[in-house]
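Source file: input33.txt; contents: compact mmCIF, N, CA and C atoms.
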```txt
# COMPACT_ATOMS: atom_id res chain seq x y z
N GLN A 298 -5.80 0.96 -2.02
CA GLN A 298 -4.95 1.08 -0.85
C GLN A 298 -3.66 0.31 -1.04
N VAL A 299 -2.63 0.80 -0.38
CA VAL A 299 -1.33 0.13 -0.37
C VAL A 299 -0.99 -0.19 1.07
N GLN A 300 -0.58 -1.42 1.31
CA GLN A 300 -0.14 -1.81 2.65
C GLN A 300 1.38 -1.90 2.65
N LEU A 301 1.97 -1.35 3.70
CA LEU A 301 3.42 -1.36 3.86
C LEU A 301 3.76 -2.02 5.18
N VAL A 302 4.59 -3.05 5.14
CA VAL A 302 4.99 -3.77 6.35
C VAL A 302 6.51 -3.76 6.44
N GLU A 303 7.00 -3.15 7.50
CA GLU A 303 8.44 -2.98 7.69
C GLU A 303 9.00 -4.04 8.63
N SER A 304 10.29 -4.31 8.47
CA SER A 304 10.98 -5.22 9.39
C SER A 304 12.46 -4.87 9.40
N GLY A 305 13.15 -5.33 10.44
CA GLY A 305 14.60 -5.23 10.45
C GLY A 305 15.21 -4.22 11.40
N GLY A 306 14.42 -3.46 12.11
CA GLY A 306 15.00 -2.51 13.05
C GLY A 306 15.58 -3.20 14.26
N GLY A 307 16.22 -2.42 15.13
CA GLY A 307 16.78 -3.00 16.34
C GLY A 307 17.89 -2.14 16.91
N LEU A 308 18.63 -2.76 17.81
CA LEU A 308 19.76 -2.11 18.49
C LEU A 308 21.06 -2.59 17.88
N VAL A 309 21.94 -1.65 17.57
CA VAL A 309 23.23 -2.00 16.98
C VAL A 309 24.29 -1.06 17.54
N GLN A 310 25.51 -1.55 17.63
CA GLN A 310 26.60 -0.72 18.12
C GLN A 310 27.09 0.23 17.03
N PRO A 311 27.67 1.35 17.42
CA PRO A 311 28.26 2.25 16.42
C PRO A 311 29.25 1.50 15.52
N GLY A 312 29.17 1.79 14.23
CA GLY A 312 30.00 1.10 13.25
C GLY A 312 29.37 -0.16 12.69
N GLY A 313 28.28 -0.58 13.28
CA GLY A 313 27.61 -1.80 12.83
C GLY A 313 26.70 -1.58 11.65
N SER A 314 25.99 -2.65 11.30
CA SER A 314 25.11 -2.63 10.13
C SER A 314 23.74 -3.18 10.49
N LEU A 315 22.75 -2.70 9.75
CA LEU A 315 21.39 -3.22 9.83
C LEU A 315 20.79 -3.16 8.45
N ARG A 316 19.83 -4.03 8.21
CA ARG A 316 19.10 -4.02 6.94
C ARG A 316 17.61 -3.93 7.24
N LEU A 317 17.00 -2.89 6.72
CA LEU A 317 15.55 -2.72 6.85
C LEU A 317 14.89 -3.19 5.56
N SER A 318 13.72 -3.78 5.72
CA SER A 318 12.94 -4.20 4.56
C SER A 318 11.51 -3.73 4.71
N CYS A 319 10.87 -3.47 3.59
CA CYS A 319 9.47 -3.04 3.59
C CYS A 319 8.78 -3.70 2.40
N VAL A 320 7.72 -4.43 2.70
CA VAL A 320 6.95 -5.09 1.65
C VAL A 320 5.70 -4.27 1.37
N ALA A 321 5.54 -3.87 0.11
CA ALA A 321 4.36 -3.13 -0.33
C ALA A 321 3.43 -4.07 -1.08
N SER A 322 2.16 -4.07 -0.68
CA SER A 322 1.17 -4.92 -1.34
C SER A 322 -0.12 -4.14 -1.51
N GLY A 323 -1.05 -4.74 -2.23
CA GLY A 323 -2.31 -4.05 -2.51
C GLY A 323 -2.27 -3.42 -3.89
N ARG A 324 -2.69 -2.17 -3.98
CA ARG A 324 -2.74 -1.47 -5.27
C ARG A 324 -1.38 -0.86 -5.59
N ILE A 325 -0.44 -1.72 -5.93
CA ILE A 325 0.94 -1.26 -6.12
C ILE A 325 1.21 -0.87 -7.57
N PHE A 326 0.26 -1.09 -8.47
CA PHE A 326 0.55 -0.96 -9.89
C PHE A 326 0.91 0.45 -10.30
N ASN A 327 0.48 1.47 -9.53
CA ASN A 327 0.79 2.84 -9.92
C ASN A 327 1.77 3.53 -8.97
N ILE A 328 2.52 2.72 -8.21
CA ILE A 328 3.58 3.29 -7.36
C ILE A 328 4.75 3.68 -8.25
N TYR A 329 5.22 4.92 -8.10
CA TYR A 329 6.37 5.35 -8.88
C TYR A 329 7.62 5.57 -8.04
N ALA A 330 7.47 5.59 -6.72
CA ALA A 330 8.64 5.78 -5.86
C ALA A 330 8.41 5.08 -4.53
N LEU A 331 9.49 4.50 -4.02
CA LEU A 331 9.51 3.90 -2.69
C LEU A 331 10.70 4.46 -1.94
N GLY A 332 10.53 4.69 -0.66
CA GLY A 332 11.63 5.29 0.07
C GLY A 332 11.57 5.03 1.55
N TRP A 333 12.59 5.52 2.21
CA TRP A 333 12.70 5.46 3.66
C TRP A 333 12.90 6.88 4.20
N TYR A 334 12.14 7.18 5.24
CA TYR A 334 12.28 8.41 5.98
C TYR A 334 12.60 8.05 7.43
N ARG A 335 13.06 9.04 8.18
CA ARG A 335 13.28 8.80 9.61
C ARG A 335 12.88 10.02 10.41
N GLN A 336 12.59 9.78 11.67
CA GLN A 336 12.14 10.86 12.53
C GLN A 336 12.61 10.62 13.95
N VAL A 337 13.09 11.68 14.57
CA VAL A 337 13.42 11.65 16.00
C VAL A 337 12.47 12.60 16.70
N PRO A 338 12.23 12.39 17.98
CA PRO A 338 11.28 13.25 18.70
C PRO A 338 11.64 14.72 18.60
N GLY A 339 10.64 15.53 18.29
CA GLY A 339 10.84 16.96 18.23
C GLY A 339 11.37 17.48 16.91
N LYS A 340 11.59 16.58 15.97
CA LYS A 340 12.10 17.00 14.66
C LYS A 340 11.17 16.54 13.54
N GLU A 341 11.31 17.20 12.39
CA GLU A 341 10.53 16.82 11.22
C GLU A 341 11.00 15.47 10.68
N ARG A 342 10.08 14.77 10.07
CA ARG A 342 10.45 13.54 9.39
C ARG A 342 11.29 13.92 8.17
N GLU A 343 12.40 13.21 7.96
CA GLU A 343 13.30 13.56 6.88
C GLU A 343 13.54 12.38 5.96
N LEU A 344 13.76 12.71 4.69
CA LEU A 344 14.06 11.68 3.71
C LEU A 344 15.44 11.10 3.98
N VAL A 345 15.52 9.77 3.94
CA VAL A 345 16.81 9.08 4.04
C VAL A 345 17.26 8.65 2.65
N ALA A 346 16.39 7.93 1.95
CA ALA A 346 16.72 7.43 0.62
C ALA A 346 15.43 7.10 -0.12
N GLN A 347 15.48 7.22 -1.44
CA GLN A 347 14.33 6.94 -2.26
C GLN A 347 14.77 6.31 -3.56
N THR A 348 13.97 5.39 -4.08
CA THR A 348 14.21 4.79 -5.38
C THR A 348 12.94 4.86 -6.20
N THR A 349 13.08 5.05 -7.50
CA THR A 349 11.92 5.17 -8.37
C THR A 349 11.84 3.99 -9.33
N ILE A 350 10.72 3.90 -10.03
CA ILE A 350 10.54 2.79 -10.98
C ILE A 350 11.48 2.92 -12.16
N SER A 351 12.07 4.09 -12.36
CA SER A 351 13.08 4.24 -13.40
C SER A 351 14.48 3.99 -12.86
N ASP A 352 14.54 3.49 -11.62
CA ASP A 352 15.80 3.10 -10.98
C ASP A 352 16.70 4.27 -10.61
N SER A 353 16.15 5.46 -10.55
CA SER A 353 16.95 6.55 -10.00
C SER A 353 16.88 6.49 -8.48
N THR A 354 17.94 6.92 -7.83
CA THR A 354 18.00 6.88 -6.37
C THR A 354 18.42 8.25 -5.83
N THR A 355 17.94 8.54 -4.66
CA THR A 355 18.27 9.78 -3.96
C THR A 355 18.63 9.44 -2.54
N TYR A 356 19.68 10.07 -2.04
CA TYR A 356 20.10 9.87 -0.65
C TYR A 356 20.27 11.23 0.02
N SER A 357 19.99 11.25 1.31
CA SER A 357 20.32 12.45 2.06
C SER A 357 21.84 12.52 2.20
N ASP A 358 22.36 13.71 2.31
CA ASP A 358 23.81 13.89 2.42
C ASP A 358 24.37 13.15 3.62
N SER A 359 23.59 13.03 4.67
CA SER A 359 24.09 12.44 5.91
C SER A 359 24.30 10.93 5.81
N VAL A 360 23.71 10.29 4.80
CA VAL A 360 23.85 8.84 4.70
C VAL A 360 24.57 8.39 3.44
N LYS A 361 24.89 9.31 2.55
CA LYS A 361 25.58 8.95 1.30
C LYS A 361 26.86 8.19 1.60
N GLY A 362 27.04 7.10 0.88
CA GLY A 362 28.23 6.29 1.07
C GLY A 362 28.13 5.27 2.18
N ARG A 363 27.08 5.37 2.99
CA ARG A 363 26.91 4.42 4.10
C ARG A 363 25.65 3.57 3.93
N PHE A 364 24.62 4.15 3.34
CA PHE A 364 23.34 3.45 3.16
C PHE A 364 23.12 3.16 1.68
N THR A 365 22.45 2.03 1.42
CA THR A 365 22.11 1.67 0.06
C THR A 365 20.65 1.23 0.00
N ILE A 366 19.91 1.82 -0.92
CA ILE A 366 18.51 1.44 -1.10
C ILE A 366 18.41 0.55 -2.33
N SER A 367 17.56 -0.46 -2.25
CA SER A 367 17.35 -1.36 -3.38
C SER A 367 15.90 -1.82 -3.38
N ARG A 368 15.50 -2.38 -4.53
CA ARG A 368 14.08 -2.76 -4.68
C ARG A 368 13.98 -4.10 -5.39
N ASP A 369 13.10 -4.95 -4.88
CA ASP A 369 12.74 -6.21 -5.54
C ASP A 369 11.27 -6.14 -5.89
N SER A 370 10.87 -6.93 -6.88
CA SER A 370 9.45 -6.96 -7.21
C SER A 370 9.01 -8.36 -7.58
N THR A 371 7.76 -8.66 -7.26
CA THR A 371 7.10 -9.86 -7.73
C THR A 371 5.84 -9.40 -8.44
N GLU A 372 5.02 -10.31 -8.82
CA GLU A 372 3.79 -9.96 -9.53
C GLU A 372 2.89 -9.10 -8.64
N ASN A 373 2.91 -9.35 -7.34
CA ASN A 373 1.96 -8.69 -6.45
C ASN A 373 2.57 -7.82 -5.37
N THR A 374 3.89 -7.76 -5.30
CA THR A 374 4.52 -6.98 -4.24
C THR A 374 5.76 -6.26 -4.75
N PHE A 375 6.07 -5.16 -4.07
CA PHE A 375 7.39 -4.54 -4.12
C PHE A 375 8.01 -4.72 -2.74
N THR A 376 9.30 -4.95 -2.71
CA THR A 376 10.03 -4.90 -1.45
C THR A 376 11.17 -3.92 -1.61
N VAL A 377 11.25 -2.98 -0.67
CA VAL A 377 12.34 -2.01 -0.70
C VAL A 377 13.21 -2.25 0.53
N HIS A 378 14.51 -2.33 0.29
CA HIS A 378 15.48 -2.60 1.35
C HIS A 378 16.32 -1.35 1.59
N LEU A 379 16.75 -1.21 2.81
CA LEU A 379 17.71 -0.17 3.15
C LEU A 379 18.85 -0.83 3.91
N GLN A 380 19.98 -1.00 3.23
CA GLN A 380 21.17 -1.55 3.88
C GLN A 380 21.92 -0.39 4.52
N MET A 381 22.07 -0.46 5.82
CA MET A 381 22.70 0.61 6.57
C MET A 381 24.02 0.10 7.16
N SER A 382 25.10 0.78 6.84
CA SER A 382 26.42 0.39 7.33
C SER A 382 27.07 1.59 8.02
N SER A 383 28.15 1.29 8.74
CA SER A 383 28.88 2.34 9.46
C SER A 383 27.93 3.23 10.24
N LEU A 384 27.03 2.58 10.96
CA LEU A 384 25.99 3.33 11.67
C LEU A 384 26.57 4.19 12.77
N LYS A 385 25.95 5.34 12.96
CA LYS A 385 26.37 6.32 13.95
C LYS A 385 25.23 6.54 14.95
N PRO A 386 25.54 7.01 16.13
CA PRO A 386 24.47 7.30 17.09
C PRO A 386 23.42 8.27 16.54
N GLU A 387 23.85 9.18 15.69
CA GLU A 387 22.90 10.14 15.11
C GLU A 387 21.96 9.52 14.08
N ASP A 388 22.18 8.26 13.74
CA ASP A 388 21.24 7.56 12.86
C ASP A 388 20.07 6.99 13.66
N THR A 389 20.14 7.09 14.97
CA THR A 389 19.04 6.61 15.81
C THR A 389 17.76 7.37 15.51
N ALA A 390 16.71 6.63 15.20
CA ALA A 390 15.43 7.24 14.82
C ALA A 390 14.41 6.14 14.60
N VAL A 391 13.17 6.56 14.42
CA VAL A 391 12.16 5.66 13.88
C VAL A 391 12.20 5.79 12.36
N TYR A 392 12.34 4.68 11.68
CA TYR A 392 12.43 4.67 10.22
C TYR A 392 11.08 4.25 9.64
N TYR A 393 10.62 5.03 8.66
CA TYR A 393 9.32 4.79 8.05
C TYR A 393 9.48 4.50 6.56
N CYS A 394 8.79 3.49 6.11
CA CYS A 394 8.71 3.19 4.69
C CYS A 394 7.65 4.08 4.05
N ASN A 395 7.90 4.51 2.83
CA ASN A 395 6.99 5.42 2.12
C ASN A 395 6.77 4.93 0.70
N ALA A 396 5.52 5.00 0.25
CA ALA A 396 5.19 4.65 -1.14
C ALA A 396 4.41 5.79 -1.75
N ARG A 397 4.79 6.17 -2.97
CA ARG A 397 4.12 7.28 -3.67
C ARG A 397 3.51 6.75 -4.96
N PRO A 398 2.17 6.73 -5.00
CA PRO A 398 1.50 6.31 -6.23
C PRO A 398 1.07 7.54 -7.05
N TYR A 399 0.97 7.36 -8.35
CA TYR A 399 0.40 8.41 -9.18
C TYR A 399 -1.06 8.60 -8.82
N GLY A 400 -1.46 9.86 -8.70
CA GLY A 400 -2.88 10.17 -8.55
C GLY A 400 -3.49 9.82 -7.21
N MET A 401 -2.67 9.47 -6.23
CA MET A 401 -3.19 9.12 -4.90
C MET A 401 -2.28 9.72 -3.84
N ASP A 402 -2.81 9.80 -2.64
CA ASP A 402 -1.96 10.23 -1.52
C ASP A 402 -0.89 9.17 -1.24
N GLU A 403 0.20 9.61 -0.68
CA GLU A 403 1.27 8.68 -0.35
C GLU A 403 0.88 7.81 0.84
N PHE A 404 1.56 6.68 0.99
CA PHE A 404 1.31 5.75 2.07
C PHE A 404 2.55 5.61 2.94
N TRP A 405 2.30 5.30 4.21
CA TRP A 405 3.38 5.16 5.19
C TRP A 405 3.27 3.82 5.91
N GLY A 406 4.42 3.26 6.25
CA GLY A 406 4.45 2.10 7.12
C GLY A 406 4.30 2.53 8.57
N GLN A 407 4.30 1.54 9.45
CA GLN A 407 4.06 1.81 10.87
C GLN A 407 5.30 2.31 11.59
N GLY A 408 6.45 2.17 10.97
CA GLY A 408 7.69 2.63 11.57
C GLY A 408 8.43 1.52 12.30
N THR A 409 9.74 1.56 12.24
CA THR A 409 10.57 0.60 12.95
C THR A 409 11.72 1.34 13.61
N GLN A 410 11.97 1.03 14.87
CA GLN A 410 12.98 1.75 15.66
C GLN A 410 14.37 1.23 15.32
N VAL A 411 15.27 2.15 15.06
CA VAL A 411 16.69 1.85 14.92
C VAL A 411 17.43 2.62 16.00
N THR A 412 18.17 1.90 16.82
CA THR A 412 18.94 2.52 17.90
C THR A 412 20.41 2.14 17.74
N VAL A 413 21.25 3.16 17.65
CA VAL A 413 22.69 2.95 17.52
C VAL A 413 23.34 3.42 18.82
N SER A 414 23.83 2.46 19.58
CA SER A 414 24.36 2.79 20.90
C SER A 414 25.29 1.68 21.37
N SER A 415 26.29 2.10 22.12
CA SER A 415 27.20 1.12 22.71
C SER A 415 26.74 0.72 24.11
```

Starting from the file, give its structure as structure tokens.
Amino acid sequence: QVQLVESGGGLVQPGGSLRLSCVASGRIFNIYALGWYRQVPGKERELVAQTTISDSTTYSDSVKGRFTISRDSTENTFTVHLQMSSLKPEDTAVYYCNARPYGMDEFWGQGTQVTVSS
């Protein structure tokens, strides 16, 4: 099992910044990708950004140039960060951390609310 614990959501004004973090622990040795997804009511969960163990990154077109994903590691944990800048009201959503291990189902965090509003 992999445990994912997210932090950093909240309320921010348009144009502001937030940093989300997610700590992955447990059976992390076969994780090949970590990412962030978001979901608003009535819509499908969508990929925001993803990073792999080979350091490739993927961003949705809607966040390119504004969001940056990064990863830290220790002996027993991975931490994936999402630095969000120039936030827009349409970035309002619940953000979920995602971990993809080889040979196992993917894991999800509990979600953290990001609200962009004046």

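Neighbouring residues of A:Ser322 at 7 Å or closer, counting only C-alpha atoms and skipping chain neighbours under 2 positions away, are Val299, Gln300, Leu301, Val320, Arg324, Ile325, Asn373, Thr374 and Phe375 of chain A.
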
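Among the candidates A:Gly362, A:Ser304, A:Gly406, A:Gln298, the residue lying nearest to A:Ser383 is A:Gly362 (atoms considered: only N, CA and C atoms).
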
*Do a neighbour search on stretch 333-345 of chain A at 9 Å with only C-alpha atoms, toss out local chain neighbours closer than 4 positions, and write the hits as a ChimeraX atom specification.*
/A:355-360,364,366,377-379,388-396,408

Dump as a JSON list (two decimals), in the frame of the given file, selection limited to N, CA and C atoms:
```
[["chain", "number", "residue", "atom", "x", "y", "z"],
["A", 355, "THR", "N", 17.94, 8.54, -4.66],
["A", 355, "THR", "CA", 18.27, 9.78, -3.96],
["A", 355, "THR", "C", 18.63, 9.44, -2.54],
["A", 356, "TYR", "N", 19.68, 10.07, -2.04],
["A", 356, "TYR", "CA", 20.10, 9.87, -0.65],
["A", 356, "TYR", "C", 20.27, 11.23, 0.02],
["A", 357, "SER", "N", 19.99, 11.25, 1.31],
["A", 357, "SER", "CA", 20.32, 12.45, 2.06],
["A", 357, "SER", "C", 21.84, 12.52, 2.20],
["A", 358, "ASP", "N", 22.36, 13.71, 2.31],
["A", 358, "ASP", "CA", 23.81, 13.89, 2.42],
["A", 358, "ASP", "C", 24.37, 13.15, 3.62],
["A", 359, "SER", "N", 23.59, 13.03, 4.67],
["A", 359, "SER", "CA", 24.09, 12.44, 5.91],
["A", 359, "SER", "C", 24.30, 10.93, 5.81],
["A", 360, "VAL", "N", 23.71, 10.29, 4.80],
["A", 360, "VAL", "CA", 23.85, 8.84, 4.70],
["A", 360, "VAL", "C", 24.57, 8.39, 3.44],
["A", 364, "PHE", "N", 24.62, 4.15, 3.34],
["A", 364, "PHE", "CA", 23.34, 3.45, 3.16],
["A", 364, "PHE", "C", 23.12, 3.16, 1.68],
["A", 366, "ILE", "N", 19.91, 1.82, -0.92],
["A", 366, "ILE", "CA", 18.51, 1.44, -1.10],
["A", 366, "ILE", "C", 18.41, 0.55, -2.33],
["A", 377, "VAL", "N", 11.25, -2.98, -0.67],
["A", 377, "VAL", "CA", 12.34, -2.01, -0.70],
["A", 377, "VAL", "C", 13.21, -2.25, 0.53],
["A", 378, "HIS", "N", 14.51, -2.33, 0.29],
["A", 378, "HIS", "CA", 15.48, -2.60, 1.35],
["A", 378, "HIS", "C", 16.32, -1.35, 1.59],
["A", 379, "LEU", "N", 16.75, -1.21, 2.81],
["A", 379, "LEU", "CA", 17.71, -0.17, 3.15],
["A", 379, "LEU", "C", 18.85, -0.83, 3.91],
["A", 388, "ASP", "N", 22.18, 8.26, 13.74],
["A", 388, "ASP", "CA", 21.24, 7.56, 12.86],
["A", 388, "ASP", "C", 20.07, 6.99, 13.66],
["A", 389, "THR", "N", 20.14, 7.09, 14.97],
["A", 389, "THR", "CA", 19.04, 6.61, 15.81],
["A", 389, "THR", "C", 17.76, 7.37, 15.51],
["A", 390, "ALA", "N", 16.71, 6.63, 15.20],
["A", 390, "ALA", "CA", 15.43, 7.24, 14.82],
["A", 390, "ALA", "C", 14.41, 6.14, 14.60],
["A", 391, "VAL", "N", 13.17, 6.56, 14.42],
["A", 391, "VAL", "CA", 12.16, 5.66, 13.88],
["A", 391, "VAL", "C", 12.20, 5.79, 12.36],
["A", 392, "TYR", "N", 12.34, 4.68, 11.68],
["A", 392, "TYR", "CA", 12.43, 4.67, 10.22],
["A", 392, "TYR", "C", 11.08, 4.25, 9.64],
["A", 393, "TYR", "N", 10.62, 5.03, 8.66],
["A", 393, "TYR", "CA", 9.32, 4.79, 8.05],
["A", 393, "TYR", "C", 9.48, 4.50, 6.56],
["A", 394, "CYS", "N", 8.79, 3.49, 6.11],
["A", 394, "CYS", "CA", 8.71, 3.19, 4.69],
["A", 394, "CYS", "C", 7.65, 4.08, 4.05],
["A", 395, "ASN", "N", 7.90, 4.51, 2.83],
["A", 395, "ASN", "CA", 6.99, 5.42, 2.12],
["A", 395, "ASN", "C", 6.77, 4.93, 0.70],
["A", 396, "ALA", "N", 5.52, 5.00, 0.25],
["A", 396, "ALA", "CA", 5.19, 4.65, -1.14],
["A", 396, "ALA", "C", 4.41, 5.79, -1.75],
["A", 408, "GLY", "N", 6.45, 2.17, 10.97],
["A", 408, "GLY", "CA", 7.69, 2.63, 11.57],
["A", 408, "GLY", "C", 8.43, 1.52, 12.30]]
```

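The nearest approach to A:Leu384 among the residues A:Gln407, A:Arg363, A:Ala330, A:Val302, with all atoms listed in the file taken into account, belongs to A:Arg363.
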
*asked:* Taking the DSSP secondary structure from the backbone, can you list the residues of chain A that are strand (DSSP E), as a PyMOL selection string?
replied: chain A and resi 299-304+307-309+315-323+328-336+343-349+354-356+364-370+375-381+390-398+404-405+409-413

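We find atom CA of A:Arg397 and atom C of A:Arg368 to be spaced 15.2 Å apart.
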
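For the set A:Ser314, A:Gln410, A:Thr354, A:Asn327, the residue with the smallest atom-to-atom gap to A:Gln380 is A:Ser314, counting all atoms listed in the file.
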
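Atom CA of A:Thr349 to atom CA of A:Leu315 spans 22.2 Å [interatomic distance, one decimal].
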
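One distance worth recording is that between atom C of A:Thr409 and atom CA of A:Lys361, which is 20.0 Å.
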
*Using only N, CA and C atoms, give me every residue within 7 Å of (25.0, 1.2, 15.9) in file coordinates, as a list of chain:residue names.*
A:Leu308, A:Val309, A:Gln310, A:Pro311, A:Gly312, A:Gly313, A:Ser314, A:Ser383, A:Leu384, A:Lys385, A:Pro386, A:Thr412, A:Val413, A:Ser414, A:Ser415
